[in-house]
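Participant: upload.cif (mmCIF, C-alpha atoms) pasted underneath:
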data_protein
#
loop_
_atom_site.label_atom_id
_atom_site.label_comp_id
_atom_site.auth_asym_id
_atom_site.auth_seq_id
_atom_site.Cartn_x
_atom_site.Cartn_y
_atom_site.Cartn_z
CA MET L 797 0.00 0.00 0.00
CA THR L 798 1.46 3.38 -1.01
CA ARG L 799 1.89 6.26 1.42
CA ARG L 800 -0.40 8.38 -0.72
CA PHE L 801 -3.16 5.75 -0.51
CA VAL L 802 -2.71 5.45 3.26
CA SER L 803 -2.98 9.25 3.54
CA ILE L 804 -6.19 9.23 1.50
CA ILE L 805 -7.72 6.55 3.74
CA ALA L 806 -6.67 8.47 6.87
CA PHE L 807 -8.22 11.64 5.45
CA VAL L 808 -11.47 9.81 4.72
CA ILE L 809 -11.50 8.27 8.21
CA LEU L 810 -10.95 11.58 9.96
CA GLY L 811 -13.34 13.36 7.62
CA CYS L 812 -16.08 10.83 8.34
CA SER L 813 -15.40 11.13 12.05
CA CYS L 814 -15.74 14.91 11.93
CA LEU L 815 -18.90 14.67 9.85
CA LEU L 816 -20.37 12.15 12.27
CA ALA L 817 -19.41 14.36 15.22
CA GLN L 818 -21.33 17.27 13.69
CA ARG L 819 -24.38 15.06 13.40
CA ALA L 820 -24.04 13.14 16.67
CA LEU L 821 -26.47 15.34 18.56
CA GLU L 822 -28.97 15.03 15.71
CA LEU L 823 -29.10 11.26 16.18
CA PRO L 824 -31.80 9.60 18.32
CA ARG L 825 -30.99 9.59 22.03
CA ASN L 826 -32.36 6.04 22.31
CA ILE L 827 -32.62 3.20 19.79
CA TYR L 828 -34.48 0.01 20.68
CA SER L 829 -33.23 -3.21 19.12
CA GLY L 830 -36.44 -5.19 19.32
CA GLU L 831 -36.74 -8.52 21.17
CA TRP L 832 -34.95 -11.63 19.98
CA LYS L 833 -34.97 -15.27 21.01
CA ALA L 834 -31.19 -15.54 21.19
CA GLY L 835 -28.27 -14.93 23.53
CA HIS L 836 -27.82 -11.46 25.01
CA VAL L 837 -26.38 -8.65 22.91
CA GLN L 838 -22.59 -8.89 22.64
CA GLY L 839 -21.66 -5.88 20.52
CA ILE L 840 -22.92 -3.06 18.30
CA ALA L 841 -21.71 -1.05 15.31
CA ILE L 842 -23.05 1.92 13.37
CA ASP L 843 -22.95 2.68 9.66
CA ALA L 844 -23.44 6.43 9.90
CA GLN L 845 -23.33 7.01 6.16
CA HIS L 846 -26.19 4.64 5.38
CA LYS L 847 -27.91 5.06 8.76
CA TYR L 848 -27.94 1.49 10.03
CA ILE L 849 -27.19 -0.14 13.37
CA TYR L 850 -25.84 -3.69 13.72
CA TYR L 851 -26.24 -5.87 16.80
CA SER L 852 -24.63 -9.16 17.72
CA PHE L 853 -27.09 -11.29 19.69
CA THR L 854 -24.51 -14.02 20.41
CA SER L 855 -25.50 -16.43 17.64
CA MET L 856 -27.20 -14.05 15.20
CA LEU L 857 -26.67 -10.62 13.62
CA VAL L 858 -29.47 -8.05 13.54
CA LYS L 859 -29.58 -5.00 11.24
CA THR L 860 -31.95 -2.09 11.92
CA ASP L 861 -32.30 1.50 10.82
CA LEU L 862 -31.78 4.32 13.30
CA GLN L 863 -35.45 4.22 14.27
CA GLY L 864 -35.14 0.57 15.28
CA ASN L 865 -36.98 -0.87 12.27
CA VAL L 866 -35.59 -4.29 11.41
CA VAL L 867 -33.94 -4.53 7.97
CA GLY L 868 -32.50 -8.03 8.15
CA THR L 869 -30.90 -10.76 10.24
CA VAL L 870 -28.17 -13.34 9.72
CA THR L 871 -28.75 -16.62 11.53
CA GLY L 872 -27.35 -20.14 11.75
CA LEU L 873 -23.95 -19.17 13.14
CA LEU L 874 -24.04 -21.72 16.01
CA GLY L 875 -21.01 -19.96 17.50
CA HIS L 876 -20.27 -16.93 19.68
CA LEU L 877 -20.46 -13.72 17.66
CA GLY L 878 -18.93 -11.00 19.83
CA CYS L 879 -17.94 -7.36 19.47
CA LEU L 880 -18.52 -5.64 16.10
CA ALA L 881 -16.72 -2.92 14.16
CA MET L 882 -17.21 -1.19 10.81
CA ASN L 883 -14.08 -1.00 8.66
CA PRO L 884 -13.99 2.55 7.23
CA ALA L 885 -11.60 1.44 4.48
CA ASP L 886 -13.89 -1.15 2.85
CA GLY L 887 -17.34 -0.44 4.34
CA ARG L 888 -17.74 -3.98 5.70
CA LEU L 889 -18.65 -5.17 9.18
CA TYR L 890 -16.12 -7.21 11.18
CA GLY L 891 -16.81 -9.27 14.31
CA THR L 892 -15.20 -11.96 16.43
CA LEU L 893 -16.62 -15.47 16.01
CA GLU L 894 -15.71 -18.48 18.17
CA TYR L 895 -16.32 -22.22 18.09
CA LYS L 896 -14.99 -23.83 21.25
CA ASP L 897 -15.47 -26.61 23.75
CA ASP L 898 -15.94 -24.56 26.93
CA VAL L 899 -19.09 -23.56 28.84
CA ILE L 900 -19.87 -20.78 26.34
CA GLY L 901 -19.61 -22.99 23.27
CA LYS L 902 -21.62 -25.79 24.83
CA GLY L 903 -24.23 -23.33 26.10
CA ILE L 904 -24.80 -21.88 22.62
CA LEU L 905 -25.29 -25.33 21.09
CA LYS L 906 -27.73 -26.26 23.84
CA GLN L 907 -29.67 -23.03 23.30
CA GLU L 908 -29.82 -23.69 19.56
CA GLY L 909 -30.89 -27.32 20.08
CA GLU L 910 -27.80 -28.64 18.28
CA ASN L 911 -25.78 -31.73 19.11
CA ARG L 912 -22.38 -31.07 17.56
CA ASP L 913 -18.70 -31.21 18.45
CA PHE L 914 -16.73 -28.39 16.87
CA VAL L 915 -12.94 -28.26 16.73
CA ASN L 916 -11.78 -25.16 18.62
CA THR L 917 -11.66 -22.47 15.94
CA PHE L 918 -11.46 -18.68 16.18
CA TYR L 919 -12.48 -16.37 13.35
CA ILE L 920 -13.05 -12.84 12.31
CA ALA L 921 -16.44 -12.82 10.58
CA ILE L 922 -16.78 -10.26 7.77
CA PHE L 923 -20.27 -9.23 6.67
CA ASP L 924 -21.32 -7.71 3.35
CA THR L 925 -23.74 -5.27 4.93
CA ASP L 926 -25.36 -4.23 1.64
CA ALA L 927 -26.47 -7.84 1.11
CA ILE L 928 -28.34 -8.06 4.44
CA ASN L 929 -31.85 -7.18 3.33
CA ARG L 930 -34.28 -9.65 4.89
CA VAL L 931 -34.93 -11.54 8.11
CA GLY L 932 -33.56 -15.07 8.42
CA MET L 933 -30.60 -14.96 6.04
CA SER L 934 -28.20 -17.89 6.36
CA ALA L 935 -24.61 -17.34 7.48
CA GLU L 936 -23.61 -20.35 5.37
CA THR L 937 -25.60 -20.13 2.16
CA ASP L 938 -26.74 -16.56 1.50
CA SER L 939 -23.33 -15.06 0.56
CA VAL L 940 -23.51 -12.39 3.25
CA MET L 941 -20.52 -13.47 5.34
CA THR L 942 -16.96 -14.75 5.04
CA THR L 943 -14.53 -15.78 7.77
CA VAL L 944 -10.79 -15.50 8.41
CA CYS L 945 -9.15 -17.90 10.87
CA LEU L 946 -6.85 -16.70 13.69
CA PRO L 947 -4.51 -19.67 14.29
CA SER L 948 -2.32 -17.91 16.87
CA VAL L 949 -5.39 -17.48 19.10
CA GLU L 950 -6.16 -21.18 18.73
CA ALA L 951 -2.59 -21.99 19.76
CA ASP L 952 -2.89 -19.94 22.96
CA TYR L 953 -6.32 -21.40 23.74
CA ASN L 954 -5.12 -24.99 23.33
CA ALA L 955 -1.78 -24.50 25.13
CA THR L 956 -0.88 -25.78 28.60
CA VAL L 957 1.56 -23.70 30.68
CA GLN L 958 3.44 -23.81 33.98
CA CYS L 959 2.76 -20.92 36.35
CA GLY L 960 3.54 -20.67 40.04
CA GLY L 961 4.50 -24.32 40.22
CA LYS L 962 1.15 -25.42 38.79
CA GLN L 963 -0.04 -26.45 35.35
CA PHE L 964 -2.84 -24.51 33.70
CA LYS L 965 -4.74 -24.76 30.44
CA HIS L 966 -4.99 -21.76 28.09
CA ARG L 967 -1.85 -19.64 27.75
CA LEU L 968 -2.38 -16.14 29.23
CA GLY L 969 -5.81 -17.33 30.36
CA CYS L 970 -6.97 -17.12 26.73
CA SER L 971 -10.65 -17.96 26.32
CA GLY L 972 -10.67 -16.84 22.68
CA VAL L 973 -11.41 -13.41 21.21
CA ASP L 974 -14.10 -10.84 21.85
CA GLY L 975 -13.41 -7.07 21.66
CA VAL L 976 -12.64 -5.69 18.19
CA SER L 977 -12.13 -2.23 16.68
CA PHE L 978 -10.25 -0.34 13.97
CA GLY L 979 -7.63 2.29 14.73
CA PRO L 980 -3.94 3.16 14.36
CA ARG L 981 -0.94 1.32 15.74
CA PHE L 982 -0.34 1.94 19.42
CA GLY L 983 1.91 4.96 19.74
CA LYS L 984 1.09 6.26 16.26
CA SER L 985 -0.97 9.32 15.34
CA ARG L 986 -4.67 8.90 14.66
CA ASP L 987 -4.20 9.83 11.00
CA SER L 988 -1.71 7.00 10.37
CA LYS L 989 -2.67 3.66 8.84
CA TRP L 990 -5.47 1.84 10.68
CA TYR L 991 -5.38 -1.78 11.81
CA LEU L 992 -7.93 -4.29 13.04
CA THR L 993 -7.35 -4.65 16.78
CA VAL L 994 -8.63 -7.82 18.44
CA ALA L 995 -8.77 -8.41 22.20
CA TYR L 996 -8.58 -11.78 23.91
CA GLY L 997 -11.25 -13.10 26.10
CA VAL L 998 -9.54 -14.04 29.39
CA TYR L 999 -10.76 -16.60 31.89
CA SER L 1000 -11.36 -15.55 35.48
CA ASP L 1001 -9.10 -17.70 37.64
CA LEU L 1002 -7.99 -16.47 41.05
CA GLU L 1003 -5.28 -19.13 41.43
CA ARG L 1004 -3.09 -18.12 38.49
CA THR L 1005 -0.99 -14.98 37.92
CA ASP L 1006 -0.59 -15.03 34.15
CA ASN L 1007 -4.12 -13.79 33.37
CA ASP L 1008 -3.84 -10.22 34.69
CA TYR L 1009 -3.16 -8.57 31.32
CA GLN L 1010 -5.54 -7.67 28.54
CA VAL L 1011 -4.04 -9.13 25.37
CA LEU L 1012 -4.51 -7.23 22.10
CA LEU L 1013 -3.58 -8.27 18.57
CA GLN L 1014 -3.27 -5.90 15.62
CA TYR L 1015 -3.75 -7.02 12.01
CA ASP L 1016 -3.28 -5.31 8.67
CA VAL L 1017 -6.40 -6.51 6.83
CA THR L 1018 -5.49 -4.89 3.49
CA ASN L 1019 -4.83 -8.25 1.80
CA TRP L 1020 -7.15 -10.43 3.84
CA ARG L 1021 -9.43 -11.36 0.96
CA LYS L 1022 -7.00 -14.19 0.08
CA PHE L 1023 -7.86 -15.76 3.45
CA GLU L 1024 -11.62 -15.26 3.33
CA HIS L 1025 -13.83 -18.33 2.99
CA ARG L 1026 -17.51 -18.89 3.47
CA LEU L 1027 -18.55 -20.46 6.74
CA SER L 1028 -19.08 -24.20 6.60
CA LEU L 1029 -20.19 -25.65 9.92
CA ASN L 1030 -19.43 -29.16 8.69
CA ASN L 1031 -15.86 -28.21 7.77
CA LEU L 1032 -14.50 -25.23 9.70
CA HIS L 1033 -11.66 -23.89 7.55
CA ARG L 1034 -8.21 -22.84 8.84
CA PHE L 1035 -7.24 -20.12 6.35
CA GLY L 1036 -5.81 -17.01 7.97
CA PRO L 1037 -2.62 -15.10 8.82
CA LYS L 1038 -0.09 -17.21 10.71
CA SER L 1039 0.45 -14.48 13.27
CA PRO L 1040 -0.74 -10.94 14.02
CA ASP L 1041 1.27 -7.89 12.97
CA GLY L 1042 1.64 -7.02 16.65
CA GLN L 1043 0.80 -8.42 20.09
CA TYR L 1044 0.36 -6.07 23.05
CA PHE L 1045 -0.40 -6.27 26.76
CA ALA L 1046 -2.37 -3.86 28.97
CA PHE L 1047 -2.12 -4.44 32.74
CA THR L 1048 -5.53 -4.07 34.40
CA GLY L 1049 -5.67 -7.05 36.72
CA ASN L 1050 -7.75 -10.07 35.81
CA THR L 1051 -11.24 -9.52 34.40
CA ASP L 1052 -14.09 -11.95 33.90
CA TRP L 1053 -13.84 -12.98 30.21
CA GLY L 1054 -11.44 -10.17 29.20
CA ILE L 1055 -12.34 -7.20 27.01
CA GLN L 1056 -15.97 -7.63 26.01
CA ASN L 1057 -16.16 -4.50 23.89
CA LEU L 1058 -13.30 -2.49 22.41
CA GLU L 1059 -13.80 0.87 20.73
CA TYR L 1060 -11.26 3.33 19.34
CA ASP L 1061 -12.03 6.95 20.23
CA VAL L 1062 -10.43 9.09 17.53
CA THR L 1063 -11.20 12.30 19.44
CA ASN L 1064 -9.11 11.34 22.47
CA ASN L 1065 -6.80 8.89 20.65
CA CYS L 1066 -7.54 6.12 23.11
CA TRP L 1067 -8.99 2.61 23.08
CA ILE L 1068 -11.97 2.17 25.40
CA ALA L 1069 -12.21 -1.34 26.85
CA ALA L 1070 -15.45 -2.40 28.57
CA VAL L 1071 -15.24 -5.53 30.71
CA TYR L 1072 -17.05 -7.69 33.20
CA ARG L 1073 -15.49 -6.74 36.53
CA GLY L 1074 -12.75 -9.00 37.83
CA LYS L 1075 -12.77 -10.82 41.17
CA LYS L 1076 -9.17 -10.65 42.36
CA PRO L 1077 -9.30 -8.52 45.54
CA GLN L 1078 -5.85 -6.97 45.04
CA TYR L 1079 -7.06 -5.04 41.98
CA PRO L 1080 -9.60 -2.17 41.64
CA ASN L 1081 -11.74 -4.20 39.20
CA TYR L 1082 -13.14 -1.27 37.26
CA GLY L 1083 -15.84 -1.76 34.63
CA VAL L 1084 -14.14 0.35 31.94
CA TYR L 1085 -10.49 1.00 31.10
CA ALA L 1086 -8.85 3.02 28.33
CA ILE L 1087 -5.54 2.44 26.57
CA ASP L 1088 -3.59 5.56 25.66
CA GLY L 1089 -3.09 5.44 21.91
CA SER L 1090 -0.42 8.17 21.97
CA LYS L 1091 2.08 6.22 24.11
CA LYS L 1092 4.51 3.86 22.42
CA PRO L 1093 4.51 0.27 23.71
CA GLN L 1094 7.39 -0.59 26.03
CA LYS L 1095 9.21 -3.90 25.77
CA GLN L 1096 9.37 -5.22 29.33
CA PRO L 1097 8.86 -8.30 31.53
CA LEU L 1098 5.25 -9.30 32.16
CA ASN L 1099 4.23 -9.49 35.82
CA GLY L 1100 3.28 -13.02 36.80
CA VAL L 1101 3.97 -14.52 33.35
CA PRO L 1102 7.06 -16.73 33.74
CA TYR L 1103 6.98 -18.26 30.26
CA ILE L 1104 7.23 -15.01 28.27
CA LYS L 1105 10.53 -13.18 28.62
CA LYS L 1106 9.26 -9.74 27.55
CA GLY L 1107 6.13 -8.32 25.93
CA ASN L 1108 5.01 -5.07 24.33
CA VAL L 1109 3.18 -3.31 27.16
CA VAL L 1110 0.80 -0.45 26.38
CA SER L 1111 -0.20 2.27 28.84
CA LEU L 1112 -3.59 2.96 30.34
CA LEU L 1113 -4.95 6.47 29.87
CA ARG L 1114 -4.10 8.37 33.06
CA LYS L 1115 -7.63 9.63 33.67
CA GLY L 1116 -10.50 8.76 35.97
CA LEU L 1117 -9.86 6.75 39.13
CA CYS L 1118 -6.49 5.27 40.04
CA THR L 1119 -5.51 2.45 42.40
CA ASP L 1120 -1.89 1.26 42.56
CA GLY L 1121 -1.20 2.71 39.11
CA ILE L 1122 -4.25 1.13 37.46
CA TYR L 1123 -6.60 3.71 35.93
CA GLY L 1124 -10.25 3.18 35.03
CA TRP L 1125 -13.87 4.06 35.72
CA ASN L 1126 -16.70 2.59 37.78
CA PHE L 1127 -19.11 2.57 34.83
CA LYS L 1128 -21.53 -0.33 34.71
CA TYR L 1129 -22.45 -0.28 31.01
CA GLY L 1130 -20.50 -0.90 27.83
CA SER L 1131 -19.72 -4.59 28.19
CA THR L 1132 -22.64 -5.45 25.87
CA GLY L 1133 -21.92 -2.73 23.31
CA ILE L 1134 -20.27 0.63 22.79
CA VAL L 1135 -19.73 2.54 19.55
CA SER L 1136 -18.18 5.94 18.91
CA LEU L 1137 -20.24 8.65 17.22
CA GLY L 1138 -17.36 11.12 17.06
CA ASP L 1139 -16.44 14.19 19.11
CA GLY L 1140 -16.55 12.18 22.33
CA TYR L 1141 -20.13 10.89 21.91
CA PHE L 1142 -21.10 7.22 22.03
CA TYR L 1143 -24.01 4.85 21.86
CA ILE L 1144 -23.81 2.45 24.81
CA SER L 1145 -25.93 -0.69 25.20
CA HIS L 1146 -28.38 -1.13 28.08
CA ASN L 1147 -29.35 -4.76 27.60
CA GLY L 1148 -32.31 -6.55 29.13
CA ARG L 1149 -34.59 -9.55 28.94
CA SER L 1150 -38.34 -9.56 28.41
CA ALA L 1151 -40.83 -11.48 30.57
CA ASP L 1152 -40.96 -14.27 27.99
CA GLY L 1153 -37.16 -14.67 27.93
CA LYS L 1154 -36.32 -12.70 24.78
CA GLU L 1155 -33.23 -10.47 24.69
CA TYR L 1156 -33.13 -6.78 23.76
CA THR L 1157 -31.10 -3.62 24.21
CA ASN L 1158 -31.66 0.10 24.31
CA LEU L 1159 -28.80 2.12 22.85
CA LYS L 1160 -28.43 5.33 24.83
CA MET L 1161 -26.27 8.31 23.91
CA TYR L 1162 -23.41 9.24 26.25
CA ARG L 1163 -20.55 11.71 26.28
CA PHE L 1164 -17.09 10.55 27.34
CA VAL L 1165 -15.88 12.54 30.36
CA PRO L 1166 -12.42 11.09 31.12
CA ASP L 1167 -11.77 13.16 34.26
CA SER L 1168 -14.90 11.91 36.05
CA SER L 1169 -15.22 8.82 38.25
CA LEU L 1170 -17.80 7.20 35.94
CA GLY L 1171 -16.19 8.21 32.66
CA PHE L 1172 -19.46 8.82 30.82
CA GLU L 1173 -22.49 11.06 31.25
CA LEU L 1174 -25.91 10.46 29.71
CA VAL L 1175 -26.99 12.88 26.98
CA ASN L 1176 -30.62 13.90 27.55
#
Step by step, read the file and then write its structure as C-alpha cells.

Facilitator:
Amino acid sequence: MTRRFVSIIAFVILGCSCLLAQRALELPRNIYSGEWKAGHVQGIAIDAQHKYIYYSFTSMLVKTDLQGNVVGTVTGLLGHLGCLAMNPADGRLYGTLEYKDDVIGKGILKQEGENRDFVNTFYIAIFDTDAINRVGMSAETDSVMTTVCLPSVEADYNATVQCGGKQFKHRLGCSGVDGVSFGPRFGKSRDSKWYLTVAYGVYSDLERTDNDYQVLLQYDVTNWRKFEHRLSLNNLHRFGPKSPDGQYFAFTGNTDWGIQNLEYDVTNNCWIAAVYRGKKPQYPNYGVYAIDGSKKPQKQPLNGVPYIKKGNVVSLLRKGLCTDGIYGWNFKYGSTGIVSLGDGYFYISHNGRSADGKEYTNLKMYRFVPDSSLGFELVN
C-alpha cells in the first residue's frame, strides 16, 4: 500500500469522524433493538453514512435502521459472535466469532438445540452489509458473510503452561477473542494507517498470575481477501494469517472474560475497553479501562507470566480513578456494546430480557468525560 493511498484513507476516516461528530447530537438519544430469542447482545456497530445499526445477539446478527426498524438478520452461526466494528476502508462489518469446547460454546449449542462437536476455531467474521436485506438470512448459504481464521489465538487457547508451580490450560488465560475495533498502531498518530485490533477473552481464575493482562492483537487486513472463505459448519476452515502484525499487553488485573467491547475513540486517541469486573481482591476491578493510543509500547517483563521473557506493554490512559497505578472508571455499562459517534459521543448498550425470555437492548447516547469517576455522562 502506497503512502499516498494510506494518507487518502486516513483523510477519509478523519473526515467521516468529523462529519459524524457534527451530526451526533442530531441522532436519536435512544434506539431500541427489538426482542430476539437468542443470547444477550454482545456488541454493536453503526454505519453512519447509510444510517444502520448492527447488533450481535450471540448467535445471530441483527440490522436495523436508526429508528429501530428491522432490515435483516443473519442466523445459523451456532457460535459466539462477539464485538462488532465497521471498517472505514472497505465499508464492511467485522466481528469476532468463536467455536470452542468450553461452557460458552456448549451453552450456545444447547440453546440452539444442536448436538455437535466443533474443533476449537477462532475467526473474524466479515459481513457484506449491503447484502443483508431480509430476516432469516443464512450465514452459510446466502453469501452475506466470510470468515478469516486466527490460528495464533487457537494456539494460545489450546496451550498448557506452567505458572507458580502449577499447570494450567490456556496460555495467558486465553478464552478466545471478543473485543474488536479499527484504529492506528499503538503509539502512532490517529491519521496514520489503521489496523484491526482484536482483544482476547480471558478466563477468570484467582489461582493463576498469568491472566492479569488484557491481550490485544493488531492485524493489517489490506490483503485479507486471500484468506476469506464462506462459513461451513461441517468443515470449519483454517485459512488465515499465521500471526498478528503485533501483540500487546495492557495491565488491568484479571477480568471476567477479558475485554468484552473495544472501541477506538479518535477524538481522544484512546482505546476504550469495557469488561465484566474482575474478582481478584488486590485489583480495583473497574468496569471500563482506556488504553492511551499516543504512548509507544514498552518492551518489558510481564508481571506473573514466567513463560514469556518480555512483551510489548501499552499504557492505560491516566484519567479517571487510580488504584496502585491502574486507571479506570466505575461505569456499569459498555460490556454489551459501545460505539463511537465522534467528538466524544457514544451509543452504549443497556441490555435486558423480556418477561418471555427474549433479549433486547436500548442504545443510549453518552458523552465521554475522562476526568470523572464514571467516565461517561448520559446525553438527555

Participant: Give me, please, the distance in Å between atom CA of L:Gln1078 and atom CA of L:Ser1111, quoted to one decimal.

Facilitator: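 Value for the atom CA of L:Gln1078-atom CA of L:Ser1111 distance: 19.5 Å.
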
Participant: Which residues would end up in the selection if the PyMOL selection byres ((chain L and resi 853) around 6) were applied here, given that I need the answer as JSON, numbers by chain?

Facilitator: {"L": [835, 836, 837, 838, 852, 854, 855, 856]}

Participant: Near L:Val866, within 10 Å and counting only C-alpha atoms, which residues show up once chain neighbours fewer than 5 positions away are dropped, as number ranges by chain?

Facilitator: L: 829-830, 848-849, 858-861, 929-931

Participant: Starting from the shown file, work through the PyMOL selection byres ((chain L and resi 1060) around 9) and note down what comes out as an mmCIF file with C-alpha atoms, in the coordinates of the input.

Facilitator:
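What follows is the written file part24.cif:
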data_model
loop_
_atom_site.group_PDB
_atom_site.id
_atom_site.type_symbol
_atom_site.label_atom_id
_atom_site.label_comp_id
_atom_site.auth_asym_id
_atom_site.auth_seq_id
_atom_site.Cartn_x
_atom_site.Cartn_y
_atom_site.Cartn_z
ATOM 1 C CA SER L 977 -12.130 -2.230 16.680
ATOM 2 C CA PHE L 978 -10.250 -0.340 13.970
ATOM 3 C CA GLY L 979 -7.630 2.290 14.730
ATOM 4 C CA PRO L 980 -3.940 3.160 14.360
ATOM 5 C CA LEU L 1058 -13.300 -2.490 22.410
ATOM 6 C CA GLU L 1059 -13.800 0.870 20.730
ATOM 7 C CA ASP L 1061 -12.030 6.950 20.230
ATOM 8 C CA VAL L 1062 -10.430 9.090 17.530
ATOM 9 C CA THR L 1063 -11.200 12.300 19.440
ATOM 10 C CA ASN L 1064 -9.110 11.340 22.470
ATOM 11 C CA ASN L 1065 -6.800 8.890 20.650
ATOM 12 C CA CYS L 1066 -7.540 6.120 23.110
ATOM 13 C CA TRP L 1067 -8.990 2.610 23.080
ATOM 14 C CA ILE L 1068 -11.970 2.170 25.400
ATOM 15 C CA ALA L 1069 -12.210 -1.340 26.850
ATOM 16 C CA GLY L 1089 -3.090 5.440 21.910
ATOM 17 C CA VAL L 1135 -19.730 2.540 19.550
ATOM 18 C CA SER L 1136 -18.180 5.940 18.910
#

Participant: Taking 6 positions as the minimum chain separation for residues in the same chain, which residues sit within 9 Å of L:Arg1149 when counting only C-alpha atoms? Answer as a list in words.

Facilitator: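 Listing them by chain and then by number gives Glu831, His836, Glu1155, Tyr1156 and Thr1157 of chain L.
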
Participant: Mind giving me the straight-line distance from atom CA of L:Met882 to atom CA of L:Gln907 in Å, one decimal?

Facilitator: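 It comes out at 28.1 Å.
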
Participant: Report, in Å to a single decimal, how far apart atom CA of L:Ile928 and atom CA of L:Gly868 are.

Facilitator: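 The value is 5.6 Å.
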
Participant: Grab all the atoms of stretch 858-870 of chain L that the file lists, wrap them in a box along x, y and z, add 4 Å per side, and give me centre plus edge lengths in Å (one decimal) as lines of an AutoDock Vina configuration file.

Facilitator:
center_x = -32.6
center_y = -4.5
center_z = 11.6
size_x = 16.8
size_y = 25.7
size_z = 15.3
